[in-house]
>>> print(open('upload_38.pdb').read())   # PDB, C-alpha atoms
ATOM      1  CA  MET P1389       0.000   0.000   0.000
ATOM      2  CA  THR P1390       1.556   3.272  -1.055
ATOM      3  CA  SER P1391       1.106   6.503   0.817
ATOM      4  CA  LEU P1392       1.356  10.022  -0.538
ATOM      5  CA  THR P1393       2.313  13.173   1.346
ATOM      6  CA  ILE P1394       2.434  16.671  -0.063
ATOM      7  CA  THR P1395       4.538  19.399   1.512
ATOM      8  CA  LYS P1396       4.061  23.108   0.933
ATOM      9  CA  ARG P1397       6.748  25.576   1.994
ATOM     10  CA  PHE P1398       6.036  29.154   2.916
ATOM     11  CA  VAL P1399       8.113  31.815   4.607
ATOM     12  CA  LEU P1400       7.338  33.783   7.745
ATOM     13  CA  HIS P1401       9.489  36.837   8.425
ATOM     14  CA  ALA P1402       9.325  37.453  12.140
ATOM     15  CA  LEU P1403      11.238  38.498  15.245
ATOM     16  CA  HIS P1404      12.020  36.690  18.451
ATOM     17  CA  ASN P1405      14.584  36.254  21.152
ATOM     18  CA  LEU P1406      15.295  33.426  23.525
ATOM     19  CA  ASN P1407      14.924  34.287  27.162
ATOM     20  CA  ASN P1408      13.564  33.220  30.477
ATOM     21  CA  PRO P1409      11.859  36.257  32.017
ATOM     22  CA  GLN P1410      12.538  34.871  35.505
ATOM     23  CA  TRP P1411      16.292  35.046  34.933
ATOM     24  CA  SER P1412      18.704  37.976  35.143
ATOM     25  CA  ASN P1413      20.197  39.448  31.959
ATOM     26  CA  GLU P1414      23.511  37.852  32.892
ATOM     27  CA  LYS P1415      21.987  34.407  33.283
ATOM     28  CA  ASN P1416      20.014  34.769  30.028
ATOM     29  CA  THR P1417      23.153  35.885  28.184
ATOM     30  CA  ALA P1418      25.131  32.982  29.630
ATOM     31  CA  MET P1419      22.450  30.511  28.529
ATOM     32  CA  PHE P1420      21.310  31.899  25.189
ATOM     33  CA  GLY P1421      24.301  33.980  24.000
ATOM     34  CA  LYS P1422      23.481  36.109  20.951
ATOM     35  CA  CYS P1423      19.986  34.567  20.740
ATOM     36  CA  PHE P1424      19.065  36.590  23.854
ATOM     37  CA  ARG P1425      19.095  39.749  21.701
ATOM     38  CA  LEU P1426      15.949  40.531  19.717
ATOM     39  CA  HIS P1427      16.545  39.346  16.152
ATOM     40  CA  GLY P1428      14.622  37.979  13.153
ATOM     41  CA  HIS P1429      14.521  35.089  10.706
ATOM     42  CA  ASP P1430      12.950  34.050   7.443
ATOM     43  CA  PHE P1431      11.318  31.037   9.044
ATOM     44  CA  LYS P1432      10.633  28.384   6.435
ATOM     45  CA  PHE P1433       7.473  26.459   7.241
ATOM     46  CA  ASP P1434       7.020  23.078   5.599
ATOM     47  CA  ILE P1435       3.447  21.860   6.090
ATOM     48  CA  SER P1436       2.990  18.189   5.245
ATOM     49  CA  ILE P1437      -0.412  16.773   4.434
ATOM     50  CA  LYS P1438      -1.187  13.121   3.891
ATOM     51  CA  GLY P1439      -3.747  12.193   1.315
ATOM     52  CA  SER P1440      -4.386  10.826  -2.119
ATOM     53  CA  PRO P1441      -4.998  12.722  -5.359
ATOM     54  CA  ASP P1442      -8.663  13.648  -5.794
ATOM     55  CA  PRO P1443      -9.891  11.913  -8.986
ATOM     56  CA  THR P1444     -11.510  15.133 -10.274
ATOM     57  CA  THR P1445      -8.713  17.635  -9.615
ATOM     58  CA  GLY P1446      -5.603  15.492  -9.133
ATOM     59  CA  PHE P1447      -4.783  17.453  -5.962
ATOM     60  CA  ALA P1448      -4.257  15.768  -2.597
ATOM     61  CA  TYR P1449      -5.386  18.980  -0.885
ATOM     62  CA  PRO P1450      -6.860  22.022  -2.677
ATOM     63  CA  PRO P1451      -3.918  24.461  -3.065
ATOM     64  CA  GLU P1452      -6.088  27.575  -2.820
ATOM     65  CA  LYS P1453      -7.624  26.353   0.422
ATOM     66  CA  LEU P1454      -4.171  25.643   1.867
ATOM     67  CA  GLU P1455      -2.964  29.132   0.911
ATOM     68  CA  GLU P1456      -6.030  30.653   2.539
ATOM     69  CA  ILE P1457      -5.375  28.721   5.753
ATOM     70  CA  ILE P1458      -1.702  29.704   5.790
ATOM     71  CA  ASN P1459      -2.575  33.371   5.233
ATOM     72  CA  LYS P1460      -5.373  33.412   7.763
ATOM     73  CA  TYR P1461      -3.744  31.443  10.550
ATOM     74  CA  ILE P1462      -0.013  32.142  10.193
ATOM     75  CA  LEU P1463       1.103  34.885   7.824
ATOM     76  CA  GLY P1464      -1.675  37.361   8.615
ATOM     77  CA  PRO P1465      -1.360  37.242  12.387
ATOM     78  CA  TYR P1466       2.409  36.700  12.748
ATOM     79  CA  CYS P1467       4.334  38.015   9.718
ATOM     80  CA  GLY P1468       6.455  41.011  10.696
ATOM     81  CA  LYS P1469       5.599  40.554  14.375
ATOM     82  CA  ASN P1470       7.601  39.965  17.528
ATOM     83  CA  LEU P1471       6.696  36.360  18.335
ATOM     84  CA  ASN P1472       7.611  36.844  22.003
ATOM     85  CA  GLU P1473       4.430  38.889  22.353
ATOM     86  CA  TYR P1474       2.319  35.891  21.312
ATOM     87  CA  PHE P1475       4.070  32.788  22.600
ATOM     88  CA  SER P1476       5.477  31.990  26.022
ATOM     89  CA  ASN P1477       8.205  29.858  24.461
ATOM     90  CA  PRO P1478       9.261  31.510  21.178
ATOM     91  CA  SER P1479      12.187  29.128  20.567
ATOM     92  CA  GLY P1480      12.143  27.050  17.361
ATOM     93  CA  GLU P1481      11.044  24.085  19.476
ATOM     94  CA  GLY P1482       8.229  26.040  21.097
ATOM     95  CA  LEU P1483       7.103  27.655  17.846
ATOM     96  CA  VAL P1484       6.897  24.452  15.834
ATOM     97  CA  VAL P1485       4.611  22.892  18.454
ATOM     98  CA  GLU P1486       2.413  25.996  18.827
ATOM     99  CA  PHE P1487       2.095  26.551  15.075
ATOM    100  CA  TYR P1488       1.250  22.865  14.600
ATOM    101  CA  LYS P1489      -1.567  23.230  17.159
ATOM    102  CA  ILE P1490      -2.810  26.379  15.384
ATOM    103  CA  LEU P1491      -2.846  24.609  11.996
ATOM    104  CA  LYS P1492      -4.449  21.504  13.440
ATOM    105  CA  GLU P1493      -7.654  23.476  13.960
ATOM    106  CA  PRO P1494      -8.372  24.211  10.260
ATOM    107  CA  LEU P1495      -6.525  21.200   8.810
ATOM    108  CA  GLY P1496      -7.639  18.566  11.297
ATOM    109  CA  ASP P1497      -6.116  15.156  10.836
ATOM    110  CA  SER P1498      -4.926  16.089   7.332
ATOM    111  CA  ILE P1499      -1.797  17.700   8.768
ATOM    112  CA  ALA P1500       0.904  15.064   9.055
ATOM    113  CA  ASN P1501       3.836  17.187  10.129
ATOM    114  CA  LEU P1502       5.206  20.683  10.457
ATOM    115  CA  SER P1503       8.851  21.483   9.970
ATOM    116  CA  LEU P1504      10.260  24.879  10.786
ATOM    117  CA  GLN P1505      13.639  25.876   9.404
ATOM    118  CA  GLU P1506      15.064  28.745  11.394
ATOM    119  CA  THR P1507      18.350  29.131   9.508
ATOM    120  CA  LEU P1508      20.202  27.078   6.928
ATOM    121  CA  LYS P1509      21.876  25.317   9.845
ATOM    122  CA  ASN P1510      18.921  24.363  12.038
ATOM    123  CA  SER P1511      15.344  23.209  11.808
ATOM    124  CA  PHE P1512      12.615  21.778  14.047
ATOM    125  CA  SER P1513      10.005  19.182  13.254
ATOM    126  CA  TYR P1514       6.769  18.155  15.010
ATOM    127  CA  PRO P1515       5.348  15.590  15.601
ATOM    128  CA  ILE P1516       7.563  13.444  13.328
TER     129      ILE P1516
ATOM    130  CA  MET R 896      36.570 -25.978  14.843
ATOM    131  CA  SER R 897      33.550 -23.798  14.357
ATOM    132  CA  GLU R 898      32.881 -22.133  11.024
ATOM    133  CA  THR R 899      33.523 -18.379  10.659
ATOM    134  CA  PRO R 900      30.138 -16.638  10.769
ATOM    135  CA  PRO R 901      29.237 -14.710   7.602
ATOM    136  CA  LEU R 902      29.991 -10.989   7.666
ATOM    137  CA  GLN R 903      27.049  -8.823   8.663
ATOM    138  CA  THR R 904      26.026  -6.750   5.662
ATOM    139  CA  PRO R 905      24.386  -3.503   6.657
ATOM    140  CA  THR R 906      21.326  -2.331   4.748
ATOM    141  CA  VAL R 907      21.528   1.273   3.636
ATOM    142  CA  THR R 908      19.183   3.646   1.789
ATOM    143  CA  ILE R 909      20.773   5.844  -0.855
ATOM    144  CA  ALA R 910      19.144   8.883  -2.458
ATOM    145  CA  ARG R 911      19.826  10.300  -5.897
ATOM    146  CA  LYS R 912      18.283  13.194  -7.811
ATOM    147  CA  VAL R 913      17.580  14.053 -11.413
ATOM    148  CA  HIS R 914      16.383  17.440 -12.691
ATOM    149  CA  PHE R 915      13.963  18.073 -15.517
ATOM    150  CA  SER R 916      11.806  20.937 -16.741
ATOM    151  CA  SER R 917       8.257  20.524 -17.985
ATOM    152  CA  GLY R 918       5.034  22.265 -18.788
ATOM    153  CA  HIS R 919       1.683  21.110 -17.445
ATOM    154  CA  ARG R 920      -1.868  22.301 -17.291
ATOM    155  CA  TYR R 921      -4.493  21.690 -14.634
ATOM    156  CA  PHE R 922      -7.386  20.642 -16.788
ATOM    157  CA  ASN R 923      -9.853  17.797 -16.459
ATOM    158  CA  PRO R 924     -10.651  16.704 -20.028
ATOM    159  CA  GLN R 925     -13.922  15.166 -18.845
ATOM    160  CA  LEU R 926     -15.290  18.572 -17.861
ATOM    161  CA  SER R 927     -16.163  21.678 -19.858
ATOM    162  CA  ASP R 928     -13.971  24.795 -19.919
ATOM    163  CA  ASP R 929     -16.361  26.557 -17.572
ATOM    164  CA  GLN R 930     -16.377  23.656 -15.145
ATOM    165  CA  ASN R 931     -12.582  23.560 -15.249
ATOM    166  CA  LYS R 932     -12.393  27.315 -14.568
ATOM    167  CA  LYS R 933     -14.631  26.870 -11.566
ATOM    168  CA  LEU R 934     -12.767  23.792 -10.331
ATOM    169  CA  PHE R 935      -9.223  25.154 -10.593
ATOM    170  CA  GLY R 936      -9.940  28.824  -9.852
ATOM    171  CA  LYS R 937      -6.791  30.893 -10.106
ATOM    172  CA  HIS R 938      -4.841  27.776 -11.085
ATOM    173  CA  TYR R 939      -6.849  27.506 -14.305
ATOM    174  CA  SER R 940      -5.148  28.736 -17.439
ATOM    175  CA  THR R 941      -5.640  28.071 -21.114
ATOM    176  CA  HIS R 942      -1.954  27.379 -21.800
ATOM    177  CA  GLY R 943      -0.745  25.857 -18.530
ATOM    178  CA  HIS R 944       2.551  26.727 -16.894
ATOM    179  CA  GLY R 945       5.994  25.255 -16.272
ATOM    180  CA  HIS R 946       8.351  24.206 -13.490
ATOM    181  CA  ASN R 947      11.821  22.964 -12.775
ATOM    182  CA  PHE R 948      11.171  19.572 -11.258
ATOM    183  CA  THR R 949      13.543  17.406  -9.244
ATOM    184  CA  LEU R 950      12.887  13.711  -8.857
ATOM    185  CA  GLU R 951      14.661  12.055  -5.931
ATOM    186  CA  GLY R 952      14.677   8.284  -5.572
ATOM    187  CA  PHE R 953      15.458   6.463  -2.315
ATOM    188  CA  PHE R 954      16.882   2.983  -2.848
ATOM    189  CA  LYS R 955      17.412   0.495  -0.051
ATOM    190  CA  GLY R 956      19.716  -2.466  -0.191
ATOM    191  CA  PRO R 957      22.621  -4.334   1.375
ATOM    192  CA  VAL R 958      26.126  -2.919   1.131
ATOM    193  CA  ASP R 959      28.019  -5.271  -1.159
ATOM    194  CA  PRO R 960      31.012  -6.615   0.826
ATOM    195  CA  GLU R 961      33.284  -6.556  -2.237
ATOM    196  CA  SER R 962      32.493  -3.128  -3.703
ATOM    197  CA  GLY R 963      31.482  -1.395  -0.458
ATOM    198  CA  ILE R 964      28.440   0.164  -2.162
ATOM    199  CA  VAL R 965      24.744  -0.686  -2.505
ATOM    200  CA  VAL R 966      24.519  -0.005  -6.195
ATOM    201  CA  ASN R 967      26.549   1.982  -8.682
ATOM    202  CA  LEU R 968      25.181   5.511  -8.910
ATOM    203  CA  SER R 969      25.593   5.451 -12.684
ATOM    204  CA  GLU R 970      23.007   2.651 -12.753
ATOM    205  CA  ILE R 971      20.614   4.815 -10.710
ATOM    206  CA  ASP R 972      21.328   7.843 -12.917
ATOM    207  CA  GLU R 973      20.524   5.834 -16.014
ATOM    208  CA  LEU R 974      17.228   4.691 -14.495
ATOM    209  CA  LEU R 975      16.212   8.166 -13.294
ATOM    210  CA  LYS R 976      17.072   9.615 -16.692
ATOM    211  CA  LYS R 977      15.109   6.917 -18.488
ATOM    212  CA  VAL R 978      11.914   7.658 -16.560
ATOM    213  CA  SER R 979      12.276  11.463 -16.524
ATOM    214  CA  ASP R 980      13.495  12.039 -20.090
ATOM    215  CA  PRO R 981      10.009  11.737 -21.615
ATOM    216  CA  PHE R 982       9.012  14.691 -19.376
ATOM    217  CA  ASP R 983      12.084  16.892 -19.856
ATOM    218  CA  HIS R 984      11.326  19.971 -21.970
ATOM    219  CA  HIS R 985       7.946  18.536 -22.847
ATOM    220  CA  PHE R 986       4.349  19.531 -22.224
ATOM    221  CA  ILE R 987       3.142  16.653 -20.063
ATOM    222  CA  ASN R 988      -0.599  16.763 -20.915
ATOM    223  CA  THR R 989       0.063  16.181 -24.600
ATOM    224  CA  ASP R 990       3.504  14.543 -24.772
ATOM    225  CA  VAL R 991       3.327  11.827 -22.104
ATOM    226  CA  PRO R 992       0.681   9.251 -23.132
ATOM    227  CA  TYR R 993      -0.202   8.284 -19.528
ATOM    228  CA  PHE R 994      -1.294  11.879 -18.841
ATOM    229  CA  LYS R 995      -3.603  12.276 -21.794
ATOM    230  CA  LYS R 996      -6.462  11.212 -19.548
ATOM    231  CA  ILE R 997      -4.994  11.828 -16.106
ATOM    232  CA  ILE R 998      -4.416  15.374 -14.848
ATOM    233  CA  PRO R 999      -0.641  15.824 -14.491
ATOM    234  CA  THR R1000      -0.646  17.409 -11.045
ATOM    235  CA  THR R1001       2.588  16.919  -9.159
ATOM    236  CA  GLU R1002       0.760  14.392  -6.963
ATOM    237  CA  ASN R1003      -0.211  12.292  -9.986
ATOM    238  CA  ILE R1004       3.235  12.610 -11.592
ATOM    239  CA  ALA R1005       4.857  11.508  -8.327
ATOM    240  CA  SER R1006       2.575   8.461  -8.067
ATOM    241  CA  TYR R1007       3.388   7.596 -11.673
ATOM    242  CA  PHE R1008       7.162   7.829 -11.100
ATOM    243  CA  PHE R1009       6.922   5.672  -7.987
ATOM    244  CA  GLY R1010       5.112   2.932  -9.896
ATOM    245  CA  VAL R1011       7.443   3.030 -12.895
ATOM    246  CA  LEU R1012      10.654   3.197 -10.857
ATOM    247  CA  LYS R1013       9.520   0.392  -8.582
ATOM    248  CA  LYS R1014       8.991  -1.806 -11.627
ATOM    249  CA  GLU R1015      12.143  -0.747 -13.461
ATOM    250  CA  MET R1016      14.580  -1.104 -10.544
ATOM    251  CA  SER R1017      16.009  -4.490 -11.330
ATOM    252  CA  HIS R1018      19.243  -4.550  -9.341
ATOM    253  CA  PRO R1019      19.135  -7.712  -7.181
ATOM    254  CA  GLY R1020      18.346  -6.996  -3.538
ATOM    255  CA  VAL R1021      17.808  -3.274  -4.106
ATOM    256  CA  GLU R1022      14.338  -1.819  -3.617
ATOM    257  CA  LEU R1023      12.852   1.587  -4.300
ATOM    258  CA  VAL R1024      11.378   2.623  -0.940
ATOM    259  CA  LYS R1025      10.345   6.214  -1.604
ATOM    260  CA  ILE R1026      10.399   8.995  -4.129
ATOM    261  CA  ARG R1027      10.211  12.735  -3.609
ATOM    262  CA  LEU R1028       9.164  14.966  -6.472
ATOM    263  CA  TYR R1029       9.936  18.673  -6.091
ATOM    264  CA  GLU R1030       7.935  21.180  -8.099
ATOM    265  CA  GLY R1031      10.221  24.214  -7.817
ATOM    266  CA  ASP R1032      11.499  25.024  -4.322
ATOM    267  CA  SER R1033       8.327  25.354  -2.311
ATOM    268  CA  PHE R1034       6.219  22.281  -3.039
ATOM    269  CA  TRP R1035       7.036  18.599  -3.042
ATOM    270  CA  VAL R1036       5.316  15.217  -2.924
ATOM    271  CA  ASP R1037       6.529  12.051  -1.222
ATOM    272  CA  VAL R1038       5.298   8.621  -2.262
ATOM    273  CA  GLU R1039       6.374   5.562  -0.333
TER     274      GLU R1039
END
>>> encode(input="upload_38.pdb", output="structure tokens")
Amino acid sequence: MTSLTITKRFVLHALHNLNNPQWSNEKNTAMFGKCFRLHGHDFKFDISIKGSPDPTTGFAYPPEKLEEIINKYILGPYCGKNLNEYFSNPSGEGLVVEFYKILKEPLGDSIANLSLQETLKNSFSYPI
Amino acid sequence: MSETPPLQTPTVTIARKVHFSSGHRYFNPQLSDDQNKKLFGKHYSTHGHGHNFTLEGFFKGPVDPESGIVVNLSEIDELLKKVSDPFDHHFINTDVPYFKKIIPTTENIASYFFGVLKKEMSHPGVELVKIRLYEGDSFWVDVE
């Protein structure tokens, strides 16, 4: 039995910094280094959806609907924003889990995985 | 004296890519133009559009104790080229017979490649376990 998964990449330009608000600046700097300073990324979001091609359209998931969901739930609310104002843990690990939960609402069980590439050197994946 | 046990041969998956460029059109030939316009919305066009595609095959097999490899990459290259050549610099809807009746979405092309590669991979002990078909940089389909 074969299985088919589509993955759509989109880019979120946003700010964040890593910090624990309970800690002193010195302790945060010691733990997080340069990531303690407010900075930004072109976060690459790879949304994976499991399905099979619809016999009428050939699409596993309607591309326009997926774009609408991405715009409504991710790009609209968070593009160009400071993610620390929205999430208690704005690390890559925290964001990938929170964004997965946000996308789970409109996509339901269709969403198979979310991968978040922070830089060319690191990425985060949930739940796979 | 006991016999020397045979060497353990690890099983490894190797991945190899081939690039090709094609045109395709989202159009269901069983429906009217108006129905197609409604169905595909902004993705409907009269002429279609094109992409740079990348087909990546994942092949699993035992590492040959004599050569130290699973399979010669030139053998994989030949296979990937054989299946992708009919698509390269072609308009898929009209030039690839299989897609005269099936809409050549990237999902359907990926499923087609998986089936053909699975059948064509004839190296003993080596199996195609997955393919990934990239349509440009921001969309891809896995079939396994």
>>> residues_around(input="upload_38.pdb", residues="P:Leu1454", least_positions_apart="2", cutoff="12 Å", atoms="all atoms listed in the file", output="PyMOL selection string")
(chain P and resi 1394-1398+1435-1437+1447-1452+1456-1462+1491+1494-1495+1498-1499) or (chain R and resi 1034)
>>> resolve_selection(input="upload_38.pdb", expression="the ChimeraX specification (/P :<8) & /R", output="NGL selection string")
:R and (921-923 or 934-935 or 997-1000 or 1002-1003 or 1006 or 1032-1039)
>>> closest_residue(input="upload_38.pdb", among="R:Thr1001, R:Thr904, R:Ser917, R:Ser927", to="R:Arg1027", atoms="all atoms listed in the file")
R:Thr1001
>>> resolve_selection(input="upload_38.pdb", expression="the PyMOL selection byres ((chain R and resi 991) around 12)", output="list in words")
Ser917, Gly918, His919, Val978, Ser979, Asp980, Pro981, Phe982, Asp983, His984, His985, Phe986, Ile987, Asn988, Thr989, Asp990, Pro992, Tyr993, Phe994, Lys995, Lys996, Ile997, Ile998, Pro999, Ile1004 and Tyr1007 of chain R
>>> atom_distance(input="upload_38.pdb", atom1="atom CA of R:Lys976", atom2="atom CA of R:Pro924")
28.8 Å
>>> resolve_selection(input="upload_38.pdb", expression="the PyMOL selection byres ((chain R and resi 949) around 8)", output="ChimeraX atom specification")
/R:912-915,947-948,950-951,1028-1031
>>> atom_distance(input="upload_38.pdb", atom1="atom CA of P:Ala1402", atom2="atom CA of P:Lys1453")
23.4 Å
>>> residues_around(input="upload_38.pdb", residues="stretch 1421-1425 of chain P", least_positions_apart="6", cutoff="10 Å", atoms="all atoms listed in the file", output="NGL selection string")
:P and (1404-1408 or 1413-1415 or 1479)
>>> axis_aligned_box(input="upload_38.pdb", around="stretch 921-936 of chain R", padding_each_side="3 Å", output="JSON")
{"center_x": -10.4, "center_y": 22.0, "center_z": -14.9, "size_x": 17.9, "size_y": 19.7, "size_z": 16.2}
>>> closest_residue(input="upload_38.pdb", among="P:Met1419, P:His1429, P:Phe1487, P:Ile1516", to="P:Asn1501", atoms="all atoms listed in the file")
P:Ile1516
>>> atom_distance(input="upload_38.pdb", atom1="atom CA of R:Asn967", atom2="atom CA of R:His1018")
9.8 Å
>>> closest_residue(input="upload_38.pdb", among="R:Gly1020, R:Gly943, R:Gly936, R:Gly952", to="R:Phe1008", atoms="all atoms listed in the file")
R:Gly952
>>> residues_near_point(input="upload_38.pdb", point="(4.2, 41.4, 5.1)", cutoff="8 Å", atoms="all atoms listed in the file", output="ChimeraX atom specification")
/P:1401,1463-1464,1467-1468
>>> write_last_selection(input="upload_38.pdb", atoms="C-alpha atoms", output="mmCIF file, in the coordinates of the input")
data_model
loop_
_atom_site.group_PDB
_atom_site.id
_atom_site.type_symbol
_atom_site.label_atom_id
_atom_site.label_comp_id
_atom_site.auth_asym_id
_atom_site.auth_seq_id
_atom_site.Cartn_x
_atom_site.Cartn_y
_atom_site.Cartn_z
ATOM 1 C CA HIS P 1401 9.489 36.837 8.425
ATOM 2 C CA LEU P 1463 1.103 34.885 7.824
ATOM 3 C CA GLY P 1464 -1.675 37.361 8.615
ATOM 4 C CA CYS P 1467 4.334 38.015 9.718
ATOM 5 C CA GLY P 1468 6.455 41.011 10.696
#
>>> residues_around(input="upload_38.pdb", residues="P:Phe1431", least_positions_apart="3", cutoff="6 Å", atoms="only C-alpha atoms", output="list in words")
Val1399, Leu1400, Gln1505 and Glu1506 of chain P
>>> decode(input="upload_38.pdb", residues="stretch 1403-1420 of chain P", atoms="N, CA and C atoms", output="compact mmCIF listing (two decimals), in the first residue's frame")
# COMPACT_ATOMS: atom_id res chain seq x y z
N LEU P 1403 10.22 38.23 14.22
CA LEU P 1403 11.24 38.50 15.24
C LEU P 1403 11.04 37.58 16.45
N HIS P 1404 12.13 37.33 17.13
CA HIS P 1404 12.02 36.69 18.45
C HIS P 1404 13.34 36.82 19.19
N ASN P 1405 13.33 36.48 20.44
CA ASN P 1405 14.58 36.25 21.15
C ASN P 1405 14.35 35.17 22.19
N LEU P 1406 15.42 34.50 22.53
CA LEU P 1406 15.30 33.43 23.52
C LEU P 1406 15.58 34.02 24.90
N ASN P 1407 14.69 33.77 25.81
CA ASN P 1407 14.92 34.29 27.16
C ASN P 1407 14.00 33.61 28.15
N ASN P 1408 14.44 33.63 29.38
CA ASN P 1408 13.56 33.22 30.48
C ASN P 1408 13.34 34.48 31.33
N PRO P 1409 12.09 34.98 31.34
CA PRO P 1409 11.86 36.26 32.02
C PRO P 1409 12.14 36.22 33.52
N GLN P 1410 12.23 35.01 34.07
CA GLN P 1410 12.54 34.87 35.51
C GLN P 1410 14.04 35.07 35.78
N TRP P 1411 14.84 34.99 34.75
CA TRP P 1411 16.29 35.05 34.93
C TRP P 1411 16.82 36.47 34.78
N SER P 1412 18.02 36.68 35.32
CA SER P 1412 18.70 37.98 35.14
C SER P 1412 19.25 38.04 33.71
N ASN P 1413 19.58 39.28 33.29
CA ASN P 1413 20.20 39.45 31.96
C ASN P 1413 21.48 38.62 31.84
N GLU P 1414 22.24 38.58 32.92
CA GLU P 1414 23.51 37.85 32.89
C GLU P 1414 23.26 36.36 32.67
N LYS P 1415 22.27 35.85 33.41
CA LYS P 1415 21.99 34.41 33.28
C LYS P 1415 21.43 34.09 31.89
N ASN P 1416 20.56 34.98 31.37
CA ASN P 1416 20.01 34.77 30.03
C ASN P 1416 21.13 34.82 28.98
N THR P 1417 22.05 35.77 29.15
CA THR P 1417 23.15 35.89 28.18
C THR P 1417 24.04 34.65 28.24
N ALA P 1418 24.28 34.17 29.48
CA ALA P 1418 25.13 32.98 29.63
C ALA P 1418 24.48 31.77 28.97
N MET P 1419 23.16 31.67 29.09
CA MET P 1419 22.45 30.51 28.53
C MET P 1419 22.25 30.63 27.02
N PHE P 1420 21.77 31.78 26.58
CA PHE P 1420 21.31 31.90 25.19
C PHE P 1420 22.29 32.64 24.27
